[in-house]
$ cat structure-v8.pdb   # PDB, C-alpha atoms
ATOM      1  CA  MET A  15      84.251 121.738 191.448
ATOM      2  CA  GLN A  16      81.432 122.984 189.247
ATOM      3  CA  LEU A  17      81.248 119.909 186.999
ATOM      4  CA  LEU A  18      80.287 117.722 189.980
ATOM      5  CA  SER A  19      77.153 119.740 190.672
ATOM      6  CA  GLN A  20      75.788 119.267 187.165
ATOM      7  CA  PRO A  21      73.426 116.394 186.264
ATOM      8  CA  SER A  22      75.218 113.402 184.742
ATOM      9  CA  CYS A  23      74.713 109.702 184.096
ATOM     10  CA  PHE A  24      77.167 108.929 186.898
ATOM     11  CA  LYS A  25      75.468 110.661 189.814
ATOM     12  CA  LYS A  26      74.115 108.147 192.356
ATOM     13  CA  GLN A  27      74.137 105.428 189.669
ATOM     14  CA  HIS A  28      75.649 101.943 189.417
ATOM     15  CA  VAL A  29      78.788 101.592 187.255
ATOM     16  CA  LEU A  30      78.448  98.049 185.929
ATOM     17  CA  SER A  31      79.316  98.031 182.212
ATOM     18  CA  VAL A  32      81.019 100.274 179.680
ATOM     19  CA  GLY A  33      77.879  99.890 177.591
ATOM     20  CA  GLN A  34      76.211 102.470 179.836
ATOM     21  CA  TYR A  35      78.358 105.338 178.552
ATOM     22  CA  THR A  36      78.569 107.631 175.548
ATOM     23  CA  ARG A  37      81.605 109.484 174.285
ATOM     24  CA  ALA A  38      80.257 112.634 175.961
ATOM     25  CA  ASP A  39      80.153 110.762 179.286
ATOM     26  CA  LEU A  40      83.783 109.730 178.821
ATOM     27  CA  HIS A  41      84.750 113.307 178.007
ATOM     28  CA  LEU A  42      83.179 114.459 181.288
ATOM     29  CA  LEU A  43      84.974 111.733 183.253
ATOM     30  CA  PHE A  44      88.353 112.559 181.709
ATOM     31  CA  THR A  45      87.874 116.307 182.196
ATOM     32  CA  VAL A  46      87.225 115.730 185.893
ATOM     33  CA  ALA A  47      90.195 113.312 186.048
ATOM     34  CA  GLN A  48      92.476 116.041 184.702
ATOM     35  CA  GLU A  49      91.167 118.362 187.415
ATOM     36  CA  MET A  50      91.848 115.674 190.022
ATOM     37  CA  ARG A  51      95.415 115.362 188.765
ATOM     38  CA  LEU A  52      95.977 119.091 189.215
ATOM     39  CA  GLY A  53      94.269 119.062 192.608
ATOM     40  CA  VAL A  54      96.405 116.225 193.944
ATOM     41  CA  GLN A  55      99.586 117.795 192.629
ATOM     42  CA  ARG A  56      98.641 121.092 194.255
ATOM     43  CA  SER A  57      97.061 120.013 197.554
ATOM     44  CA  GLY A  58      97.495 116.258 198.019
ATOM     45  CA  VAL A  59      94.026 115.785 199.491
ATOM     46  CA  LEU A  60      90.745 117.316 198.328
ATOM     47  CA  ASP A  61      87.663 117.505 200.539
ATOM     48  CA  LEU A  62      85.027 116.780 197.915
ATOM     49  CA  LEU A  63      83.765 113.616 199.653
ATOM     50  CA  ARG A  64      84.307 114.527 203.303
ATOM     51  CA  GLY A  65      81.747 112.636 205.385
ATOM     52  CA  ARG A  66      81.211 109.962 202.731
ATOM     53  CA  VAL A  67      82.050 106.273 203.185
ATOM     54  CA  LEU A  68      83.042 103.805 200.442
ATOM     55  CA  CYS A  69      82.820 100.056 201.088
ATOM     56  CA  THR A  70      85.057  97.758 199.050
ATOM     57  CA  LEU A  71      84.076  94.098 198.688
ATOM     58  CA  PHE A  72      86.557  91.767 196.980
ATOM     59  CA  TYR A  73      85.882  88.060 196.406
ATOM     60  CA  GLU A  74      89.083  87.771 194.349
ATOM     61  CA  PRO A  75      92.653  88.974 195.033
ATOM     62  CA  SER A  76      93.523  92.540 194.082
ATOM     63  CA  THR A  77      96.405  94.949 194.574
ATOM     64  CA  ARG A  78      95.961  97.878 192.198
ATOM     65  CA  THR A  79      92.165  98.085 192.007
ATOM     66  CA  SER A  80      91.556  97.766 195.744
ATOM     67  CA  ALA A  81      94.438 100.036 196.762
ATOM     68  CA  SER A  82      93.667 102.688 194.143
ATOM     69  CA  PHE A  83      90.000 102.941 195.139
ATOM     70  CA  ASP A  84      91.073 103.186 198.775
ATOM     71  CA  ALA A  85      93.646 105.870 197.954
ATOM     72  CA  ALA A  86      91.226 107.693 195.644
ATOM     73  CA  MET A  87      88.554 107.888 198.331
ATOM     74  CA  GLN A  88      91.013 109.095 200.960
ATOM     75  CA  ARG A  89      92.464 111.725 198.624
ATOM     76  CA  LEU A  90      88.898 112.975 198.165
ATOM     77  CA  GLY A  91      88.556 113.385 201.925
ATOM     78  CA  GLY A  92      86.315 110.345 202.418
ATOM     79  CA  ARG A  93      86.753 107.086 204.294
ATOM     80  CA  THR A  94      86.784 103.435 203.272
ATOM     81  CA  VAL A  95      85.588 100.181 204.812
ATOM     82  CA  ALA A  96      87.415  97.221 203.238
ATOM     83  CA  VAL A  97      85.772  93.792 203.336
ATOM     84  CA  ALA A  98      87.698  90.729 202.149
ATOM     85  CA  ALA A  99      85.287  87.913 201.350
ATOM     86  CA  GLY A 100      87.723  85.377 202.774
ATOM     87  CA  GLN A 101      87.406  86.919 206.244
ATOM     88  CA  SER A 102      83.694  87.773 206.105
ATOM     89  CA  SER A 103      80.380  85.988 206.658
ATOM     90  CA  VAL A 104      80.659  84.747 203.083
ATOM     91  CA  GLN A 105      82.623  81.912 204.708
ATOM     92  CA  LYS A 106      79.475  81.104 206.703
ATOM     93  CA  GLY A 107      77.349  80.856 203.570
ATOM     94  CA  GLU A 108      76.062  84.421 203.287
ATOM     95  CA  THR A 109      74.781  85.272 199.801
ATOM     96  CA  LEU A 110      76.081  88.139 197.687
ATOM     97  CA  GLN A 111      72.748  89.944 197.894
ATOM     98  CA  ASP A 112      72.710  89.813 201.695
ATOM     99  CA  THR A 113      76.285  91.066 201.884
ATOM    100  CA  LEU A 114      75.483  93.953 199.533
ATOM    101  CA  ARG A 115      72.373  94.863 201.491
ATOM    102  CA  THR A 116      74.453  94.876 204.667
ATOM    103  CA  LEU A 117      77.163  97.148 203.256
ATOM    104  CA  ALA A 118      74.509  99.516 201.902
ATOM    105  CA  CYS A 119      73.577 100.161 205.537
ATOM    106  CA  TYR A 120      77.117 101.333 206.286
ATOM    107  CA  GLY A 121      78.402 103.084 203.173
ATOM    108  CA  ASP A 122      77.366 105.451 200.410
ATOM    109  CA  ALA A 123      78.696 103.214 197.589
ATOM    110  CA  VAL A 124      80.265  99.783 197.129
ATOM    111  CA  VAL A 125      83.160  98.652 194.932
ATOM    112  CA  LEU A 126      82.605  94.970 194.073
ATOM    113  CA  ARG A 127      84.884  92.330 192.554
ATOM    114  CA  HIS A 128      83.340  88.874 192.116
ATOM    115  CA  PRO A 129      84.232  85.743 190.097
ATOM    116  CA  ASP A 130      80.683  85.345 188.728
ATOM    117  CA  GLU A 131      79.824  87.306 185.591
ATOM    118  CA  GLY A 132      76.211  87.485 186.826
ATOM    119  CA  SER A 133      77.214  89.338 190.002
ATOM    120  CA  VAL A 134      76.487  92.686 188.358
ATOM    121  CA  GLU A 135      72.833  91.716 187.875
ATOM    122  CA  VAL A 136      72.618  90.775 191.558
ATOM    123  CA  ALA A 137      74.154  94.127 192.489
ATOM    124  CA  GLU A 138      71.781  96.063 190.266
ATOM    125  CA  ARG A 139      68.777  94.284 191.732
ATOM    126  CA  TYR A 140      69.593  94.286 195.435
ATOM    127  CA  SER A 141      71.891  97.189 196.313
ATOM    128  CA  ASP A 142      70.303 100.433 197.499
ATOM    129  CA  VAL A 143      73.556 102.352 196.980
ATOM    130  CA  PRO A 144      75.666 102.626 193.808
ATOM    131  CA  VAL A 145      77.824  99.595 193.048
ATOM    132  CA  ILE A 146      80.993 100.012 190.993
ATOM    133  CA  ASN A 147      82.029  96.871 189.119
ATOM    134  CA  ALA A 148      85.700  96.132 189.815
ATOM    135  CA  GLY A 149      85.640  92.942 187.746
ATOM    136  CA  ASN A 150      82.936  90.313 187.293
ATOM    137  CA  GLY A 151      84.702  87.077 186.399
ATOM    138  CA  SER A 152      85.819  87.126 182.769
ATOM    139  CA  GLY A 153      83.090  89.631 181.938
ATOM    140  CA  GLU A 154      84.085  93.270 182.302
ATOM    141  CA  HIS A 155      86.281  95.678 184.239
ATOM    142  CA  PRO A 156      84.837  99.082 183.331
ATOM    143  CA  THR A 157      86.970 101.269 185.589
ATOM    144  CA  GLN A 158      90.152  99.698 184.182
ATOM    145  CA  ALA A 159      88.931 100.521 180.678
ATOM    146  CA  PHE A 160      88.260 104.118 181.740
ATOM    147  CA  LEU A 161      91.782 104.518 183.082
ATOM    148  CA  ASP A 162      93.257 102.750 180.040
ATOM    149  CA  LEU A 163      91.597 105.241 177.698
ATOM    150  CA  PHE A 164      92.671 108.109 179.927
ATOM    151  CA  THR A 165      96.247 106.776 179.813
ATOM    152  CA  ILE A 166      96.212 106.671 176.000
ATOM    153  CA  ARG A 167      94.890 110.249 175.849
ATOM    154  CA  GLU A 168      97.478 111.541 178.290
ATOM    155  CA  GLU A 169     100.399 109.649 176.723
ATOM    156  CA  LEU A 170      99.618 110.193 173.031
ATOM    157  CA  GLY A 171      97.363 113.260 173.096
ATOM    158  CA  THR A 172      94.414 111.564 171.415
ATOM    159  CA  VAL A 173      92.744 108.210 170.826
ATOM    160  CA  GLN A 174      91.616 109.060 167.309
ATOM    161  CA  GLY A 175      93.461 107.456 164.408
ATOM    162  CA  LEU A 176      95.562 105.078 166.498
ATOM    163  CA  THR A 177      96.372 101.411 165.917
ATOM    164  CA  ILE A 178      95.860  99.534 169.183
ATOM    165  CA  THR A 179      97.183  95.979 169.493
ATOM    166  CA  PHE A 180      95.861  93.621 172.181
ATOM    167  CA  VAL A 181      98.176  90.731 173.067
ATOM    168  CA  GLY A 182      97.710  87.698 175.308
ATOM    169  CA  ASP A 183      94.749  86.036 176.976
ATOM    170  CA  LEU A 184      91.957  87.864 175.170
ATOM    171  CA  ARG A 185      89.389  85.217 176.068
ATOM    172  CA  HIS A 186      89.510  85.740 179.826
ATOM    173  CA  GLY A 187      90.878  89.288 179.816
ATOM    174  CA  ARG A 188      87.991  91.354 181.166
ATOM    175  CA  THR A 189      90.071  94.530 180.848
ATOM    176  CA  VAL A 190      90.361  93.841 177.112
ATOM    177  CA  HIS A 191      86.628  93.142 176.748
ATOM    178  CA  SER A 192      85.731  96.495 178.317
ATOM    179  CA  LEU A 193      88.351  98.547 176.477
ATOM    180  CA  VAL A 194      87.479  97.036 173.086
ATOM    181  CA  ARG A 195      83.846  97.984 173.686
ATOM    182  CA  LEU A 196      84.750 101.544 174.681
ATOM    183  CA  LEU A 197      86.799 101.967 171.508
ATOM    184  CA  ARG A 198      83.569 101.907 169.501
ATOM    185  CA  HIS A 199      83.395 105.633 170.240
ATOM    186  CA  TYR A 200      86.667 106.376 168.422
ATOM    187  CA  GLN A 201      88.178 106.049 164.959
ATOM    188  CA  VAL A 202      90.828 103.403 165.648
ATOM    189  CA  ARG A 203      92.308 100.250 164.149
ATOM    190  CA  VAL A 204      92.495  97.166 166.367
ATOM    191  CA  GLN A 205      94.908  94.233 166.024
ATOM    192  CA  LEU A 206      94.365  91.049 168.039
ATOM    193  CA  VAL A 207      97.184  88.649 168.989
ATOM    194  CA  ALA A 208      96.272  85.574 171.043
ATOM    195  CA  PRO A 209      97.355  81.932 171.379
ATOM    196  CA  PRO A 210      94.912  79.391 169.908
ATOM    197  CA  GLY A 211      92.011  78.949 172.293
ATOM    198  CA  LEU A 212      92.486  82.313 173.978
ATOM    199  CA  GLU A 213      90.998  84.485 171.237
ATOM    200  CA  LEU A 214      88.560  87.312 171.966
ATOM    201  CA  PRO A 215      85.076  85.963 172.860
ATOM    202  CA  GLU A 216      82.930  85.698 169.761
ATOM    203  CA  GLY A 217      80.353  88.241 170.911
ATOM    204  CA  VAL A 218      82.973  90.915 171.583
ATOM    205  CA  ARG A 219      84.797  90.076 168.353
ATOM    206  CA  GLU A 220      81.565  90.382 166.335
ATOM    207  CA  GLU A 221      80.912  93.824 167.800
ATOM    208  CA  LEU A 222      84.434  94.885 166.889
ATOM    209  CA  ALA A 223      84.243  93.483 163.360
ATOM    210  CA  ALA A 224      80.828  95.056 162.763
ATOM    211  CA  SER A 225      82.261  98.456 163.710
ATOM    212  CA  GLY A 226      84.884  98.145 160.955
ATOM    213  CA  LYS A 227      87.745  98.639 163.411
ATOM    214  CA  LEU A 228      89.258  95.123 163.319
ATOM    215  CA  ARG A 229      92.519  95.281 161.340
ATOM    216  CA  GLY A 230      93.476  91.623 161.729
ATOM    217  CA  GLU A 231      94.126  88.626 164.006
ATOM    218  CA  TRP A 232      97.352  86.711 164.622
ATOM    219  CA  ALA A 233      98.489  83.782 166.755
ATOM    220  CA  ALA A 234     102.001  85.236 167.177
ATOM    221  CA  LEU A 235     103.341  88.703 167.932
ATOM    222  CA  THR A 236     105.421  89.542 164.862
ATOM    223  CA  GLY A 237     107.683  92.480 164.130
ATOM    224  CA  GLU A 238     105.259  93.637 161.446
ATOM    225  CA  VAL A 239     102.354  93.746 163.925
ATOM    226  CA  ILE A 240     104.470  95.664 166.443
ATOM    227  CA  SER A 241     105.684  98.153 163.821
ATOM    228  CA  ARG A 242     102.112  99.214 163.029
ATOM    229  CA  SER A 243     101.124  99.664 166.674
ATOM    230  CA  ASP A 244     100.684 102.963 168.511
ATOM    231  CA  VAL A 245      99.585 101.115 171.659
ATOM    232  CA  LEU A 246     100.732  97.611 172.603
ATOM    233  CA  TYR A 247      98.284  96.432 175.271
ATOM    234  CA  CYS A 248      99.626  93.285 176.944
ATOM    235  CA  THR A 249      97.806  90.895 179.260
ATOM    236  CA  ARG A 250      98.923  87.877 181.239
ATOM    237  CA  VAL A 251      97.644  84.362 180.678
ATOM    238  CA  GLN A 252      95.379  83.922 183.703
ATOM    239  CA  ARG A 253      96.140  80.682 185.529
ATOM    240  CA  GLU A 254      93.033  81.064 187.717
ATOM    241  CA  ARG A 255      90.704  80.843 184.689
ATOM    242  CA  PHE A 256      91.967  77.430 183.527
ATOM    243  CA  GLY A 257      90.419  74.093 184.434
ATOM    244  CA  SER A 258      93.776  72.324 184.665
ATOM    245  CA  GLY A 259      97.445  73.140 185.065
ATOM    246  CA  ASP A 260      98.249  71.353 181.803
ATOM    247  CA  GLU A 261      96.007  73.710 179.825
ATOM    248  CA  TYR A 262      97.712  76.705 181.388
ATOM    249  CA  GLU A 263     101.238  75.429 180.826
ATOM    250  CA  ARG A 264     100.486  74.844 177.156
ATOM    251  CA  VAL A 265      99.957  78.574 176.510
ATOM    252  CA  ARG A 266     101.690  80.446 179.337
ATOM    253  CA  GLY A 267     104.835  81.346 177.382
ATOM    254  CA  ALA A 268     103.120  82.101 174.098
ATOM    255  CA  TYR A 269     104.717  85.523 173.688
ATOM    256  CA  ARG A 270     107.143  87.903 175.357
ATOM    257  CA  VAL A 271     107.721  91.625 174.913
ATOM    258  CA  ASP A 272     111.393  92.474 175.478
ATOM    259  CA  ASN A 273     113.964  94.922 174.152
ATOM    260  CA  ALA A 274     114.454  92.803 171.034
ATOM    261  CA  ALA A 275     110.726  93.014 170.249
ATOM    262  CA  LEU A 276     110.715  96.775 170.810
ATOM    263  CA  LYS A 277     113.331  97.253 168.095
ATOM    264  CA  HIS A 278     110.425  96.916 165.659
ATOM    265  CA  ALA A 279     108.290  99.541 167.462
ATOM    266  CA  LYS A 280     107.735 103.216 166.774
ATOM    267  CA  ALA A 281     109.591 105.615 169.047
ATOM    268  CA  SER A 282     106.214 107.034 170.107
ATOM    269  CA  MET A 283     104.515 103.697 170.830
ATOM    270  CA  VAL A 284     103.384 103.002 174.399
ATOM    271  CA  VAL A 285     103.378  99.603 176.108
ATOM    272  CA  MET A 286     100.458  99.145 178.498
ATOM    273  CA  HIS A 287      99.530  96.352 180.884
ATOM    274  CA  PRO A 288      96.749  96.208 183.516
ATOM    275  CA  LEU A 289      99.096  94.174 185.740
ATOM    276  CA  PRO A 290      99.981  91.914 187.440
ATOM    277  CA  ARG A 291     102.434  90.542 184.922
ATOM    278  CA  ASN A 292     104.263  87.245 184.791
ATOM    279  CA  ASP A 293     106.797  86.714 181.987
ATOM    280  CA  GLU A 294     104.944  88.405 179.132
ATOM    281  CA  VAL A 295     106.703  91.774 179.567
ATOM    282  CA  ALA A 296     110.384  91.508 180.452
ATOM    283  CA  GLU A 297     111.625  93.670 183.315
ATOM    284  CA  GLU A 298     114.228  95.176 180.997
ATOM    285  CA  VAL A 299     111.357  96.954 179.217
ATOM    286  CA  ASP A 300     110.649  98.937 182.410
ATOM    287  CA  PHE A 301     113.581 101.222 181.576
ATOM    288  CA  ASP A 302     112.277 102.066 178.099
ATOM    289  CA  GLN A 303     110.421 105.389 177.847
ATOM    290  CA  ARG A 304     107.655 103.565 175.964
ATOM    291  CA  ALA A 305     106.781 101.462 179.027
ATOM    292  CA  ALA A 306     103.663 103.221 180.331
ATOM    293  CA  TYR A 307     102.262 100.583 182.704
ATOM    294  CA  PHE A 308     103.468 102.208 185.932
ATOM    295  CA  ARG A 309     102.327 105.639 184.752
ATOM    296  CA  GLN A 310      99.064 103.896 183.854
ATOM    297  CA  MET A 311      98.508 103.174 187.559
ATOM    298  CA  ARG A 312      98.939 106.824 188.488
ATOM    299  CA  TYR A 313      96.460 107.835 185.796
ATOM    300  CA  GLY A 314      94.166 105.230 187.331
ATOM    301  CA  LEU A 315      94.197 107.045 190.664
ATOM    302  CA  TYR A 316      93.006 110.274 189.039
ATOM    303  CA  CYS A 317      90.403 108.476 186.939
ATOM    304  CA  ARG A 318      88.960 106.608 189.931
ATOM    305  CA  MET A 319      88.943 109.811 191.969
ATOM    306  CA  ALA A 320      86.913 111.418 189.190
ATOM    307  CA  LEU A 321      84.511 108.492 189.040
ATOM    308  CA  LEU A 322      83.951 108.411 192.810
ATOM    309  CA  ALA A 323      83.391 112.153 192.886
ATOM    310  CA  LEU A 324      80.897 112.024 190.007
ATOM    311  CA  VAL A 325      79.003 109.119 191.604
ATOM    312  CA  MET A 326      79.122 110.154 195.262
ATOM    313  CA  ALA A 327      79.393 113.948 195.454
ATOM    314  CA  PRO A 328      76.471 115.665 197.239
ATOM    315  CA  MET A 329      73.681 116.887 194.997
TER
END
$ encode --input "structure-v8.pdb" --output "structure tokens"
Amino acid sequence: MQLLSQPSCFKKQHVLSVGQYTRADLHLLFTVAQEMRLGVQRSGVLDLLRGRVLCTLFYEPSTRTSASFDAAMQRLGGRTVAVAAGQSSVQKGETLQDTLRTLACYGDAVVLRHPDEGSVEVAERYSDVPVINAGNGSGEHPTQAFLDLFTIREELGTVQGLTITFVGDLRHGRTVHSLVRLLRHYQVRVQLVAPPGLELPEGVREELAASGKLRGEWAALTGEVISRSDVLYCTRVQRERFGSGDEYERVRGAYRVDNAALKHAKASMVVMHPLPRNDEVAEEVDFDQRAAYFRQMRYGLYCRMALLALVMAPM
């Protein structure tokens, strides 16, 4: 694939924050992702990364991110070494930097998920191979934001001119933080819906407001808010981020997207969710054509294949 041989900001570089990338970088990533989609549909497995090894290091639970990186690497012809922190020398007191240095001896890149927002700085300082941030606490989740944007493009044809509504735990939702920041590259309108206390972090909100893209903020998901939305991006209230069960229980049922709510929505609107979900999106919505969250995962495979190829392909 000719695009992989060209110089780019991805090649042999860490992927730690969406702030590293321009709109041109995103265009390259999505162009390669579209090629990956065609390649998988045609051949199943490509041999672009044959002989390469990807290490995955997860300090927090994961289904989609860990499995999709594993599948992406294997569909590119490479191999993976999966390390779960709970069964590693982390349990013996090994530091993150020592673990990263160790994995750099075995693999050509590392996918890292860690509960500490500062883990990306440790990775940048100590890893001799590219580290891809798969979630640093409540900070960012750049590869989820890439696949979310790719999903919007594929589902609606463009990102430009859309009204995108974020609903749920916006305070701890690292997928939201990254996607909101990426949207600075596009002409969009953003609506924020969050229970009191779970609003978007002030720094991220200030960036959004300064860009002129913030349409409004609400504590409840109303029919009027839904009716204006082209994308309804839902997130769960994250029990693991709360100091006490009482705090969590106070907000856990703050909103619910069901068939009754979708009566207010445009026929072309898409419902997205990074998953896992709890009760915030009813299972009955799964049968609505506007439910894109399972298609979103498939787009994620292609997007992560593209990212791995751009980062790891031979010079």
$ resolve_selection --input "structure-v8.pdb" --expression "the PyMOL selection byres ((chain A and resi 218) around 10)" --output "short mmCIF file (atom, residue, chain, number, x, y, z; two decimals) with C-alpha atoms, keeping the file's coordinate frame"
data_model
loop_
_atom_site.label_atom_id
_atom_site.label_comp_id
_atom_site.auth_asym_id
_atom_site.auth_seq_id
_atom_site.Cartn_x
_atom_site.Cartn_y
_atom_site.Cartn_z
CA ARG A 185 89.39 85.22 176.07
CA VAL A 190 90.36 93.84 177.11
CA HIS A 191 86.63 93.14 176.75
CA SER A 192 85.73 96.50 178.32
CA VAL A 194 87.48 97.04 173.09
CA ARG A 195 83.85 97.98 173.69
CA LEU A 214 88.56 87.31 171.97
CA PRO A 215 85.08 85.96 172.86
CA GLU A 216 82.93 85.70 169.76
CA GLY A 217 80.35 88.24 170.91
CA ARG A 219 84.80 90.08 168.35
CA GLU A 220 81.56 90.38 166.34
CA GLU A 221 80.91 93.82 167.80
CA LEU A 222 84.43 94.88 166.89
CA ALA A 223 84.24 93.48 163.36
CA ALA A 224 80.83 95.06 162.76
#
$ closest_residue --input "structure-v8.pdb" --among "A:Gln16, A:Thr94, A:Gln201, A:Asn273" --to "Asp300 of chain A" --atoms "all atoms listed in the file"
A:Asn273
$ atom_distance --input "structure-v8.pdb" --atom1 "atom CA of Ala81 of chain A" --atom2 "atom CA of Ile146 of chain A"
14.6 Å
$ resolve_selection --input "structure-v8.pdb" --expression "the PyMOL selection byres ((chain A and resi 238) around 12)" --output "PyMOL selection string"
chain A and resi 179+205+230+232+234-237+239-243+275-280
$ atom_distance --input "structure-v8.pdb" --atom1 "atom CA of Thr116 of chain A" --atom2 "atom CA of Asp142 of chain A"
10.0 Å
$ resolve_selection --input "structure-v8.pdb" --expression "the PyMOL selection byres ((chain A and resi 148) around 10)" --output "PDB file with C-alpha atoms, in the frame of the given file"
ATOM      1  CA  VAL A  29      78.788 101.592 187.255  1.00  0.00           C
ATOM      2  CA  LEU A  30      78.448  98.049 185.929  1.00  0.00           C
ATOM      3  CA  THR A  70      85.057  97.758 199.050  1.00  0.00           C
ATOM      4  CA  LEU A  71      84.076  94.098 198.688  1.00  0.00           C
ATOM      5  CA  PHE A  72      86.557  91.767 196.980  1.00  0.00           C
ATOM      6  CA  SER A  76      93.523  92.540 194.082  1.00  0.00           C
ATOM      7  CA  THR A  79      92.165  98.085 192.007  1.00  0.00           C
ATOM      8  CA  SER A  80      91.556  97.766 195.744  1.00  0.00           C
ATOM      9  CA  PHE A  83      90.000 102.941 195.139  1.00  0.00           C
ATOM     10  CA  VAL A 124      80.265  99.783 197.129  1.00  0.00           C
ATOM     11  CA  VAL A 125      83.160  98.652 194.932  1.00  0.00           C
ATOM     12  CA  LEU A 126      82.605  94.970 194.073  1.00  0.00           C
ATOM     13  CA  ARG A 127      84.884  92.330 192.554  1.00  0.00           C
ATOM     14  CA  HIS A 128      83.340  88.874 192.116  1.00  0.00           C
ATOM     15  CA  VAL A 134      76.487  92.686 188.358  1.00  0.00           C
ATOM     16  CA  VAL A 145      77.824  99.595 193.048  1.00  0.00           C
ATOM     17  CA  ILE A 146      80.993 100.012 190.993  1.00  0.00           C
ATOM     18  CA  ASN A 147      82.029  96.871 189.119  1.00  0.00           C
ATOM     19  CA  GLY A 149      85.640  92.942 187.746  1.00  0.00           C
ATOM     20  CA  ASN A 150      82.936  90.313 187.293  1.00  0.00           C
ATOM     21  CA  GLY A 151      84.702  87.077 186.399  1.00  0.00           C
ATOM     22  CA  GLU A 154      84.085  93.270 182.302  1.00  0.00           C
ATOM     23  CA  HIS A 155      86.281  95.678 184.239  1.00  0.00           C
ATOM     24  CA  PRO A 156      84.837  99.082 183.331  1.00  0.00           C
ATOM     25  CA  THR A 157      86.970 101.269 185.589  1.00  0.00           C
ATOM     26  CA  GLN A 158      90.152  99.698 184.182  1.00  0.00           C
TER      27      GLN A 158
END
$ residues_around --input "structure-v8.pdb" --residues "Arg270 of chain A" --least-positions-apart "4" --cutoff "8 Å" --atoms "all atoms listed in the file" --output "list in words"
Asp293, Glu294, Val295 and Ala296 of chain A
$ residues_near_point --input "structure-v8.pdb" --point "(86.1, 115.8, 189.1)" --cutoff "9 Å" --atoms "only C-alpha atoms" --output "list in words"
Met15, Gln16, Leu17, Leu18, Leu42, Leu43, Phe44, Thr45, Val46, Ala47, Gln48, Glu49, Met50, Leu62, Tyr316, Cys317, Met319, Ala320, Leu321, Leu322, Ala323 and Leu324 of chain A
$ atom_distance --input "structure-v8.pdb" --atom1 "atom CA of Pro290 of chain A" --atom2 "atom CA of Asp244 of chain A"
21.9 Å
$ residues_around --input "structure-v8.pdb" --residues "Val181 of chain A" --least-positions-apart "6" --cutoff "8 Å" --atoms "all atoms listed in the file" --output "list in words"
Leu206, Val207, Ala208, Leu235, Leu246, Tyr247, Cys248 and Thr249 of chain A
$ axis_aligned_box --input "structure-v8.pdb" --around "segment 148-152 of chain A" --padding-each-side "8 Å" --output "lines of an AutoDock Vina configuration file"
center_x = 84.4
center_y = 91.6
center_z = 186.3
size_x = 18.9
size_y = 25.1
size_z = 23.0
$ closest_residue --input "structure-v8.pdb" --among "A:Arg37, A:Val285, A:Tyr269, A:Ala233" --to "Ile178 of chain A" --atoms "all atoms listed in the file"
A:Val285
$ closest_residue --input "structure-v8.pdb" --among "A:Leu114, A:Val251, A:Val173, A:Val104" --to "Ala137 of chain A" --atoms "all atoms listed in the file"
A:Leu114
$ closest_residue --input "structure-v8.pdb" --among "A:Ile166, A:Leu110, A:Ser57, A:Ser82" --to "Gly132 of chain A" --atoms "all atoms listed in the file"
A:Leu110
$ build_atoms --input "structure-v8.pdb" --residues "segment 127-135 of chain A" --atoms "N, CA, C and O atoms" --output "mmCIF file, in the frame of the given file"
data_model
loop_
_atom_site.group_PDB
_atom_site.id
_atom_site.type_symbol
_atom_site.label_atom_id
_atom_site.label_comp_id
_atom_site.auth_asym_id
_atom_site.auth_seq_id
_atom_site.Cartn_x
_atom_site.Cartn_y
_atom_site.Cartn_z
ATOM 1 N N ARG A 127 84.240 93.282 193.463
ATOM 2 C CA ARG A 127 84.884 92.330 192.554
ATOM 3 C C ARG A 127 84.392 90.936 192.912
ATOM 4 O O ARG A 127 84.416 90.546 194.085
ATOM 5 N N HIS A 128 83.948 90.184 191.869
ATOM 6 C CA HIS A 128 83.340 88.874 192.116
ATOM 7 C C HIS A 128 83.665 87.946 190.944
ATOM 8 O O HIS A 128 83.722 88.393 189.792
ATOM 9 N N PRO A 129 83.875 86.657 191.193
ATOM 10 C CA PRO A 129 84.232 85.743 190.097
ATOM 11 C C PRO A 129 83.089 85.393 189.155
ATOM 12 O O PRO A 129 83.326 84.835 188.084
ATOM 13 N N ASP A 130 81.862 85.700 189.527
ATOM 14 C CA ASP A 130 80.683 85.345 188.728
ATOM 15 C C ASP A 130 80.301 86.510 187.818
ATOM 16 O O ASP A 130 80.074 87.624 188.293
ATOM 17 N N GLU A 131 80.212 86.251 186.519
ATOM 18 C CA GLU A 131 79.824 87.306 185.591
ATOM 19 C C GLU A 131 78.435 87.864 185.904
ATOM 20 O O GLU A 131 78.140 89.030 185.642
ATOM 21 N N GLY A 132 77.564 87.041 186.493
ATOM 22 C CA GLY A 132 76.211 87.485 186.826
ATOM 23 C C GLY A 132 76.115 88.321 188.096
ATOM 24 O O GLY A 132 75.023 88.769 188.452
ATOM 25 N N SER A 133 77.240 88.567 188.753
ATOM 26 C CA SER A 133 77.214 89.338 190.002
ATOM 27 C C SER A 133 76.720 90.762 189.797
ATOM 28 O O SER A 133 76.131 91.358 190.705
ATOM 29 N N VAL A 134 76.938 91.310 188.597
ATOM 30 C CA VAL A 134 76.487 92.686 188.358
ATOM 31 C C VAL A 134 74.960 92.774 188.339
ATOM 32 O O VAL A 134 74.384 93.772 188.765
ATOM 33 N N GLU A 135 74.302 91.723 187.851
ATOM 34 C CA GLU A 135 72.833 91.716 187.875
ATOM 35 C C GLU A 135 72.314 91.643 189.312
ATOM 36 O O GLU A 135 71.326 92.288 189.666
#
